[in-house]
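Q: Provided herewith: input_9.cif, mmCIF, C-alpha atoms, pLDDT in the B column; chains and numbers go by the auth columns.
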```
data_my_file
loop_
_atom_site.group_PDB
_atom_site.id
_atom_site.type_symbol
_atom_site.label_atom_id
_atom_site.label_comp_id
_atom_site.label_asym_id
_atom_site.label_seq_id
_atom_site.Cartn_x
_atom_site.Cartn_y
_atom_site.Cartn_z
_atom_site.B_iso_or_equiv
_atom_site.auth_seq_id
_atom_site.auth_asym_id
ATOM 1 C CA MET A 1 35.870 -11.644 10.683 43.00 3 X
ATOM 2 C CA SER A 2 36.519 -8.007 9.861 45.00 4 X
ATOM 3 C CA VAL A 3 38.022 -5.537 12.290 47.00 5 X
ATOM 4 C CA LEU A 4 34.698 -3.812 12.949 51.00 6 X
ATOM 5 C CA GLN A 5 32.733 -6.989 13.768 56.00 7 X
ATOM 6 C CA LYS A 6 32.239 -8.200 17.306 57.00 8 X
ATOM 7 C CA PRO A 7 34.083 -11.432 18.105 53.00 9 X
ATOM 8 C CA ASP A 8 31.692 -14.282 18.868 58.00 10 X
ATOM 9 C CA LYS A 9 33.702 -15.521 21.824 60.00 11 X
ATOM 10 C CA GLY A 10 36.945 -14.909 23.625 60.00 12 X
ATOM 11 C CA PRO A 11 38.344 -12.598 26.277 68.00 13 X
ATOM 12 C CA VAL A 12 36.721 -9.397 24.995 72.00 14 X
ATOM 13 C CA ILE A 13 34.561 -7.577 27.537 75.00 15 X
ATOM 14 C CA HIS A 14 31.505 -6.312 25.668 74.00 16 X
ATOM 15 C CA ASP A 15 29.683 -4.769 28.615 78.00 17 X
ATOM 16 C CA TRP A 16 31.319 -3.189 31.665 81.00 18 X
ATOM 17 C CA ARG A 17 29.230 -1.195 34.133 85.00 19 X
ATOM 18 C CA PRO A 18 30.749 -1.761 37.583 84.00 20 X
ATOM 19 C CA GLU A 19 28.670 1.053 39.116 87.00 21 X
ATOM 20 C CA ASP A 20 25.405 -0.748 38.243 88.00 22 X
ATOM 21 C CA PRO A 21 24.490 -3.016 41.222 91.00 23 X
ATOM 22 C CA ALA A 22 22.507 -5.435 39.048 91.00 24 X
ATOM 23 C CA PHE A 23 25.381 -5.827 36.578 87.00 25 X
ATOM 24 C CA TRP A 24 27.932 -6.161 39.393 88.00 26 X
ATOM 25 C CA GLY A 25 25.879 -8.909 41.028 90.00 27 X
ATOM 26 C CA SER A 26 25.274 -10.842 37.823 88.00 28 X
ATOM 27 C CA SER A 27 28.656 -10.872 36.076 83.00 29 X
ATOM 28 C CA GLY A 28 30.785 -7.829 36.922 84.00 30 X
ATOM 29 C CA LYS A 29 32.181 -9.116 40.201 88.00 31 X
ATOM 30 C CA GLN A 30 33.135 -12.455 38.624 87.00 32 X
ATOM 31 C CA THR A 31 35.039 -10.725 35.789 84.00 33 X
ATOM 32 C CA ALA A 32 36.807 -8.329 38.157 85.00 34 X
ATOM 33 C CA THR A 33 37.798 -11.161 40.499 87.00 35 X
ATOM 34 C CA ARG A 34 39.167 -13.232 37.614 84.00 36 X
ATOM 35 C CA ASN A 35 41.222 -10.287 36.390 84.00 37 X
ATOM 36 C CA LEU A 36 42.587 -9.646 39.886 86.00 38 X
ATOM 37 C CA TRP A 37 43.600 -13.304 40.292 88.00 39 X
ATOM 38 C CA ILE A 38 45.629 -12.980 37.091 86.00 40 X
ATOM 39 C CA SER A 39 47.077 -9.485 37.454 86.00 41 X
ATOM 40 C CA ILE A 40 48.119 -9.467 41.130 89.00 42 X
ATOM 41 C CA PRO A 41 50.512 -12.467 40.906 90.00 43 X
ATOM 42 C CA ALA A 42 51.875 -11.171 37.592 87.00 44 X
ATOM 43 C CA LEU A 43 52.622 -7.748 39.076 85.00 45 X
ATOM 44 C CA LEU A 44 54.083 -9.314 42.225 90.00 46 X
ATOM 45 C CA LEU A 45 56.436 -11.427 40.127 89.00 47 X
ATOM 46 C CA ALA A 46 57.434 -8.439 37.989 83.00 48 X
ATOM 47 C CA PHE A 47 58.259 -6.273 40.995 84.00 49 X
ATOM 48 C CA ALA A 48 60.091 -9.155 42.714 87.00 50 X
ATOM 49 C CA VAL A 49 62.321 -9.671 39.675 85.00 51 X
ATOM 50 C CA TRP A 50 62.961 -5.928 39.464 82.00 52 X
ATOM 51 C CA MET A 51 63.891 -5.752 43.161 85.00 53 X
ATOM 52 C CA VAL A 52 66.194 -8.782 42.932 88.00 54 X
ATOM 53 C CA TRP A 53 67.879 -7.258 39.876 85.00 55 X
ATOM 54 C CA SER A 54 68.356 -3.981 41.748 84.00 56 X
ATOM 55 C CA THR A 55 69.971 -5.734 44.718 87.00 57 X
ATOM 56 C CA VAL A 56 72.218 -7.849 42.489 89.00 58 X
ATOM 57 C CA ILE A 57 73.444 -4.753 40.660 89.00 59 X
ATOM 58 C CA VAL A 58 74.739 -3.266 43.899 87.00 60 X
ATOM 59 C CA ARG A 59 76.977 -6.318 44.408 91.00 61 X
ATOM 60 C CA LEU A 60 78.341 -6.695 40.848 90.00 62 X
ATOM 61 C CA ASN A 61 81.592 -4.883 41.644 91.00 63 X
ATOM 62 C CA ALA A 62 82.136 -7.137 44.668 92.00 64 X
ATOM 63 C CA ILE A 63 82.153 -10.265 42.487 91.00 65 X
ATOM 64 C CA GLY A 64 84.685 -9.007 39.973 92.00 66 X
ATOM 65 C CA PHE A 65 82.983 -6.564 37.640 92.00 67 X
ATOM 66 C CA THR A 66 84.353 -3.053 37.292 92.00 68 X
ATOM 67 C CA PHE A 67 81.354 -0.813 36.740 91.00 69 X
ATOM 68 C CA THR A 68 81.354 2.860 37.655 93.00 70 X
ATOM 69 C CA THR A 69 78.601 4.225 39.881 90.00 71 X
ATOM 70 C CA ASP A 70 76.949 5.836 36.858 92.00 72 X
ATOM 71 C CA GLN A 71 76.934 2.533 34.989 91.00 73 X
ATOM 72 C CA LEU A 72 75.377 0.762 37.962 89.00 74 X
ATOM 73 C CA PHE A 73 72.598 3.342 38.109 88.00 75 X
ATOM 74 C CA TRP A 74 71.968 2.839 34.377 89.00 76 X
ATOM 75 C CA LEU A 75 71.804 -0.932 34.874 86.00 77 X
ATOM 76 C CA ALA A 76 69.215 -0.436 37.605 84.00 78 X
ATOM 77 C CA ALA A 77 67.169 1.997 35.510 83.00 79 X
ATOM 78 C CA LEU A 78 67.170 0.072 32.235 80.00 80 X
ATOM 79 C CA PRO A 79 64.418 -2.458 33.090 74.00 81 X
ATOM 80 C CA GLY A 80 62.032 0.417 33.863 71.00 82 X
ATOM 81 C CA CYS A 81 62.784 2.378 30.698 73.00 83 X
ATOM 82 C CA PRO A 82 60.586 0.304 28.336 72.00 84 X
ATOM 83 C CA GLY A 83 57.789 0.267 30.923 69.00 85 X
ATOM 84 C CA ARG A 84 56.903 3.943 30.641 68.00 86 X
ATOM 85 C CA PRO A 85 56.188 3.952 26.884 73.00 87 X
ATOM 86 C CA CYS A 86 54.218 0.719 27.247 70.00 88 X
ATOM 87 C CA ALA A 87 52.150 2.117 30.113 68.00 89 X
ATOM 88 C CA SER A 88 51.574 5.355 28.203 70.00 90 X
ATOM 89 C CA SER A 89 50.165 3.438 25.249 67.00 91 X
ATOM 90 C CA ILE A 90 47.555 1.525 27.302 65.00 92 X
ATOM 91 C CA PRO A 91 44.818 4.151 26.643 65.00 93 X
ATOM 92 C CA LEU A 92 45.409 3.668 22.924 63.00 94 X
ATOM 93 C CA TRP A 93 44.988 -0.101 23.276 61.00 95 X
ATOM 94 C CA CYS A 94 41.789 0.369 25.258 59.00 96 X
ATOM 95 C CA ARG A 95 40.321 2.650 22.626 54.00 97 X
ATOM 96 C CA SER A 96 41.219 0.237 19.834 49.00 98 X
ATOM 97 C CA SER A 97 39.695 -2.728 21.685 48.00 99 X
ATOM 98 C CA VAL A 98 36.462 -0.774 22.210 46.00 100 X
ATOM 99 C CA ALA A 99 36.438 0.101 18.517 45.00 101 X
ATOM 100 C CA VAL A 100 36.870 -3.574 17.606 45.00 102 X
ATOM 101 C CA ALA A 101 34.200 -4.790 19.999 48.00 103 X
ATOM 102 C CA GLY A 102 31.816 -1.978 19.154 47.00 104 X
ATOM 103 C CA PRO A 103 28.949 -0.748 21.301 50.00 105 X
ATOM 104 C CA PRO A 104 26.849 -3.364 23.149 49.00 106 X
#
```
Turn the structure described in the file into structure tokens.
A:
Amino acid sequence: MSVLQKPDKGPVIHDWRPEDPAFWGSSGKQTATRNLWISIPALLLAFAVWMVWSTVIVRLNAIGFTFTTDQLFWLAALPGCPGRPCASSIPLWCRSSVAVAGPP
């Protein structure tokens, strides 16, 4: 399969018109619900891990580490640093996936 051909099957959304009531009733709502069932727990887990990490960092000096305040702030900020470039590149991924799938 070349890059410009539509995939025959798989998780590629070929048609997405959530404003169209007929489309929403036939398949749009099912796709959106499936995506929400996947993304909400994943985001909840990601934020929970980030919050736990942030609270653990505050207590590192109490258990024997000798970090300065600046170093502790850097430790708290580091998990979020890769997130911004990844989130900024999402529009590029969306455009490339539309180019691969092609028009309906």
Q: Could you jot down the atom CA of Val54 of chain X to atom CA of Phe67 of chain X separation for me, Å, one decimal place?
A: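 Taking atom CA of Val54 of chain X as the start and atom CA of Phe67 of chain X as the end point, the length is 17.7 Å.
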Q: Apply the PyMOL selection byres ((chain X and resi 72-89) around 8) to the structure shown and report the selected residues as a list in words.
A: Trp52, Trp55, Ser56, Ile59, Val60, Phe69, Thr70, Thr71, Ser90, Ser91 and Ile92 of chain X
Q: Can you give me, as a list in words, the residues this file yields under the PyMOL selection byres ((chain X and resi 30-44) around 12)?
A: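 Evaluating the PyMOL selection byres ((chain X and resi 30-44) around 12) on this file yields Pro13, Val14, Ile15, His16, Asp17, Trp18, Arg19, Pro20, Glu21, Asp22, Pro23, Ala24, Phe25, Trp26, Gly27, Ser28, Ser29, Leu45, Leu46, Leu47, Ala48, Phe49, Ala50 and Val51 of chain X.
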Q: Output C-alpha atoms for every residue in that selection, as a CSV table (one decimal), in the coordinates of the input.
A:
```csv
chain,number,residue,atom,x,y,z
X,13,PRO,CA,38.3,-12.6,26.3
X,14,VAL,CA,36.7,-9.4,25.0
X,15,ILE,CA,34.6,-7.6,27.5
X,16,HIS,CA,31.5,-6.3,25.7
X,17,ASP,CA,29.7,-4.8,28.6
X,18,TRP,CA,31.3,-3.2,31.7
X,19,ARG,CA,29.2,-1.2,34.1
X,20,PRO,CA,30.7,-1.8,37.6
X,21,GLU,CA,28.7,1.1,39.1
X,22,ASP,CA,25.4,-0.7,38.2
X,23,PRO,CA,24.5,-3.0,41.2
X,24,ALA,CA,22.5,-5.4,39.0
X,25,PHE,CA,25.4,-5.8,36.6
X,26,TRP,CA,27.9,-6.2,39.4
X,27,GLY,CA,25.9,-8.9,41.0
X,28,SER,CA,25.3,-10.8,37.8
X,29,SER,CA,28.7,-10.9,36.1
X,45,LEU,CA,52.6,-7.7,39.1
X,46,LEU,CA,54.1,-9.3,42.2
X,47,LEU,CA,56.4,-11.4,40.1
X,48,ALA,CA,57.4,-8.4,38.0
X,49,PHE,CA,58.3,-6.3,41.0
X,50,ALA,CA,60.1,-9.2,42.7
X,51,VAL,CA,62.3,-9.7,39.7
```
Q: Box in all listed atoms of segment 47-56 of chain X, axis-aligned, with 4 Å more on each side; write out centre and edge lengths in Å to one decimal as AutoDock Vina command-line options.
A:
```
--center_x 62.4 --center_y -7.7 --center_z 40.6 --size_x 19.9 --size_y 15.4 --size_z 13.2
```
